[in-house]
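Participant: Pasting final06.cif below, which is mmCIF, C-alpha atoms, pLDDT in the B column; chains and numbers go by the auth columns.
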```cif
data_final
loop_
_atom_site.group_PDB
_atom_site.id
_atom_site.type_symbol
_atom_site.label_atom_id
_atom_site.label_comp_id
_atom_site.label_asym_id
_atom_site.label_seq_id
_atom_site.Cartn_x
_atom_site.Cartn_y
_atom_site.Cartn_z
_atom_site.B_iso_or_equiv
_atom_site.auth_seq_id
_atom_site.auth_asym_id
ATOM 1 C CA MET A 1 148.472 142.595 60.733 37.00 1 P
ATOM 2 C CA SER A 2 147.671 140.491 63.758 39.00 2 P
ATOM 3 C CA THR A 3 150.309 139.623 66.335 37.00 3 P
ATOM 4 C CA LYS A 4 148.109 136.884 67.810 46.00 4 P
ATOM 5 C CA ARG A 5 148.971 134.233 65.214 52.00 5 P
ATOM 6 C CA GLY A 6 151.163 131.391 66.365 60.00 6 P
ATOM 7 C CA GLY A 7 154.706 130.595 65.282 81.00 7 P
ATOM 8 C CA GLY A 8 155.847 129.487 61.877 92.00 8 P
ATOM 9 C CA VAL A 9 154.896 130.776 58.447 94.00 9 P
ATOM 10 C CA HIS A 10 151.330 131.894 57.752 94.00 10 P
ATOM 11 C CA THR A 11 149.896 132.478 54.283 95.00 11 P
ATOM 12 C CA VAL A 12 147.124 135.021 54.838 93.00 12 P
ATOM 13 C CA SER A 13 144.891 137.385 52.936 93.00 13 P
ATOM 14 C CA ASN A 14 146.674 140.714 52.507 87.00 14 P
ATOM 15 C CA PRO A 15 145.568 143.134 55.250 73.00 15 P
ATOM 16 C CA GLY A 16 145.102 145.745 52.499 71.00 16 P
ATOM 17 C CA GLY A 17 142.404 143.559 50.996 72.00 17 P
ATOM 18 C CA ARG A 18 144.127 142.565 47.758 85.00 18 P
ATOM 19 C CA GLY A 19 146.069 139.397 47.249 92.00 19 P
ATOM 20 C CA TRP A 20 147.983 137.253 49.712 95.00 20 P
ATOM 21 C CA VAL A 21 151.109 137.597 51.870 92.00 21 P
ATOM 22 C CA ASN A 22 153.305 135.374 54.016 92.00 22 P
ATOM 23 C CA GLU A 23 153.938 136.241 57.654 91.00 23 P
ATOM 24 C CA VAL A 24 156.635 134.796 59.890 91.00 24 P
ATOM 25 C CA ARG A 25 155.631 134.239 63.496 79.00 25 P
ATOM 26 C CA GLY A 26 152.606 136.439 62.884 67.00 26 P
ATOM 27 C CA ILE A 27 154.429 139.748 62.978 73.00 27 P
ATOM 28 C CA LYS A 28 156.578 140.134 59.879 70.00 28 P
ATOM 29 C CA VAL A 29 155.330 140.211 56.300 77.00 29 P
ATOM 30 C CA VAL A 30 157.899 138.466 54.140 75.00 30 P
ATOM 31 C CA GLY A 31 158.428 139.334 50.488 75.00 31 P
ATOM 32 C CA VAL A 32 155.786 140.870 48.309 79.00 32 P
ATOM 33 C CA ALA A 33 152.029 140.531 48.061 86.00 33 P
ATOM 34 C CA PHE A 34 150.907 137.842 45.620 92.00 34 P
ATOM 35 C CA GLN A 35 147.814 138.167 43.456 93.00 35 P
ATOM 36 C CA LEU A 36 147.125 134.431 43.561 95.00 36 P
ATOM 37 C CA LYS A 37 146.817 132.320 46.683 96.00 37 P
ATOM 38 C CA LYS A 38 148.611 129.404 45.003 97.00 38 P
ATOM 39 C CA ASP A 39 151.700 131.578 44.391 96.00 39 P
ATOM 40 C CA ALA A 40 151.740 132.828 47.981 95.00 40 P
ATOM 41 C CA THR A 41 151.256 129.273 49.242 97.00 41 P
ATOM 42 C CA ALA A 42 154.200 127.975 47.187 97.00 42 P
ATOM 43 C CA ALA A 43 156.453 130.784 48.466 95.00 43 P
ATOM 44 C CA GLY A 44 155.258 130.177 52.041 95.00 44 P
ATOM 45 C CA ARG A 45 155.955 126.456 51.743 96.00 45 P
ATOM 46 C CA ASP A 46 159.501 127.136 50.499 95.00 46 P
ATOM 47 C CA LEU A 47 160.081 129.538 53.378 92.00 47 P
ATOM 48 C CA ALA A 48 158.721 127.061 55.949 93.00 48 P
ATOM 49 C CA ILE A 49 160.998 124.353 54.563 94.00 49 P
ATOM 50 C CA ARG A 50 164.033 126.668 54.820 92.00 50 P
ATOM 51 C CA LEU A 51 163.079 127.654 58.385 90.00 51 P
ATOM 52 C CA GLU A 52 162.144 124.049 59.293 91.00 52 P
ATOM 53 C CA THR A 53 158.835 125.160 60.788 91.00 53 P
ATOM 54 C CA GLU A 54 155.078 124.839 60.355 92.00 54 P
ATOM 55 C CA HIS A 55 153.233 126.384 57.400 95.00 55 P
ATOM 56 C CA THR A 56 149.649 127.468 58.059 95.00 56 P
ATOM 57 C CA ILE A 57 147.473 128.377 55.077 97.00 57 P
ATOM 58 C CA HIS A 58 144.500 130.549 55.947 96.00 58 P
ATOM 59 C CA LEU A 59 141.200 131.022 54.126 96.00 59 P
ATOM 60 C CA ARG A 60 140.209 134.506 52.949 92.00 60 P
ATOM 61 C CA ASN A 61 138.083 134.937 56.121 91.00 61 P
ATOM 62 C CA GLY A 62 141.152 134.307 58.314 91.00 62 P
ATOM 63 C CA ARG A 63 140.260 130.806 59.471 96.00 63 P
ATOM 64 C CA ILE A 64 142.852 128.065 59.144 96.00 64 P
ATOM 65 C CA GLY A 65 142.429 126.043 55.967 97.00 65 P
ATOM 66 C CA LYS A 66 145.441 123.744 56.105 96.00 66 P
ATOM 67 C CA LYS A 67 148.646 123.123 58.068 94.00 67 P
ATOM 68 C CA ASN A 68 151.881 121.415 57.102 93.00 68 P
ATOM 69 C CA SER A 69 154.919 120.808 59.285 91.00 69 P
ATOM 70 C CA TYR A 70 158.419 120.933 57.809 90.00 70 P
ATOM 71 C CA GLY A 71 160.476 120.671 60.970 80.00 71 P
ATOM 72 C CA ASN A 72 160.339 119.358 64.480 69.00 72 P
ATOM 73 C CA ASP A 73 156.608 118.607 64.729 65.00 73 P
ATOM 74 C CA PRO A 74 155.515 118.745 68.382 64.00 74 P
ATOM 75 C CA TYR A 75 152.375 116.747 67.486 68.00 75 P
ATOM 76 C CA PRO A 76 153.387 114.034 65.010 68.00 76 P
ATOM 77 C CA PRO A 77 150.697 111.736 63.558 69.00 77 P
ATOM 78 C CA ALA A 78 149.731 108.882 65.861 74.00 78 P
ATOM 79 C CA ASP A 79 150.424 106.304 63.132 69.00 79 P
ATOM 80 C CA ALA A 80 154.001 107.539 62.501 57.00 80 P
ATOM 81 C CA LYS A 81 156.635 104.894 63.032 56.00 81 P
#
```
Would you kindly transcribe this structure into structure tokens?

Facilitator:
Amino acid sequence: MSTKRGGGVHTVSNPGGRGWVNEVRGIKVVGVAFQLKKDATAAGRDLAIRLETEHTIHLRNGRIGKKNSYGNDPYPPADAK
């Protein structure tokens, strides 16, 4: 498990190679490993909403696939009013 990931909740491929897990602030695996990415993503989204933080969903190769912010977004969209 990498400690270099940024803050918030990260849905990542399980370091053991099977399934998916959610990490908080890159250092703590939360809950259980999920077989399906969609299940891990849903659990990660719920956790990010509860923590009012960003949710980062990674691809199997570790690259960032998608980000969603559920709290105080330091970089809001330019078109936000």

Participant: Can you spell out as a list of chain:residue names the set of residues that the PyMOL selection byres ((chain P and resi 57) around 6) selects in the structure I just provided?

Facilitator: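 Applied to this file, the PyMOL selection byres ((chain P and resi 57) around 6) returns P:His10, P:Thr11, P:Thr56, P:His58, P:Gly65, P:Lys66.
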
Participant: Rounded to one decimal in Å, what is the spacing between CA of Gly17 (chain P) and CA of Ala40 (chain P)?

Facilitator: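 CA of Ala40 (chain P) lies 14.5 Å from CA of Gly17 (chain P).
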
Participant: Between P:Arg63, P:Arg25, P:Lys37, P:Arg50, which residue has the minimum interatomic distance to Val9 (chain P), considering all atoms listed in the file?

Facilitator: P:Arg25

Participant: What would the selection look like, as an MDAnalysis selection string, if the PyMOL selection byres ((chain P and resi 22) around 6) were run on the coordinates I just shared?

Facilitator: chainID P and resid 10:11 21 23 29:30 44

Participant: Which is closer to Leu47 (chain P) than all the others in P:Leu59, P:Ala33, P:Ile64, P:Val24, using only C-alpha atoms?

Facilitator: P:Val24

Participant: Calculate how many Å separate CA of Ile49 (chain P) from CA of Phe34 (chain P), rounding to one decimal.

Facilitator: 19.1 Å

Participant: So how many Å separate CA of Val12 (chain P) and CA of Asn61 (chain P), to one decimal?

Facilitator: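 According to the coordinates, CA of Val12 (chain P) and CA of Asn61 (chain P) are separated by 9.1 Å.
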
Participant: Which polymer residues, protein or nucleic acid, are no farther than 10 Å from (157.0, 122.4, 57.4), counting all atoms listed in the file, as a list in words?

Facilitator: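 Within the cut-off we find Gly8, Val9, Gly44, Arg45, Asp46, Leu47, Ala48, Ile49, Arg50, Leu51, Glu52, Thr53, Glu54, His55, Thr56, Lys67, Asn68, Ser69, Tyr70, Gly71, Asn72 and Asp73 of chain P.
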
Participant: For Leu36 (chain P), list every protein, DNA or RNA residue within 10 Å, evaluated using all atoms listed in the file, and leave out those in the same chain fewer than 6 positions away; present the list as a PyMOL selection string.

Facilitator: chain P and resi 18-21
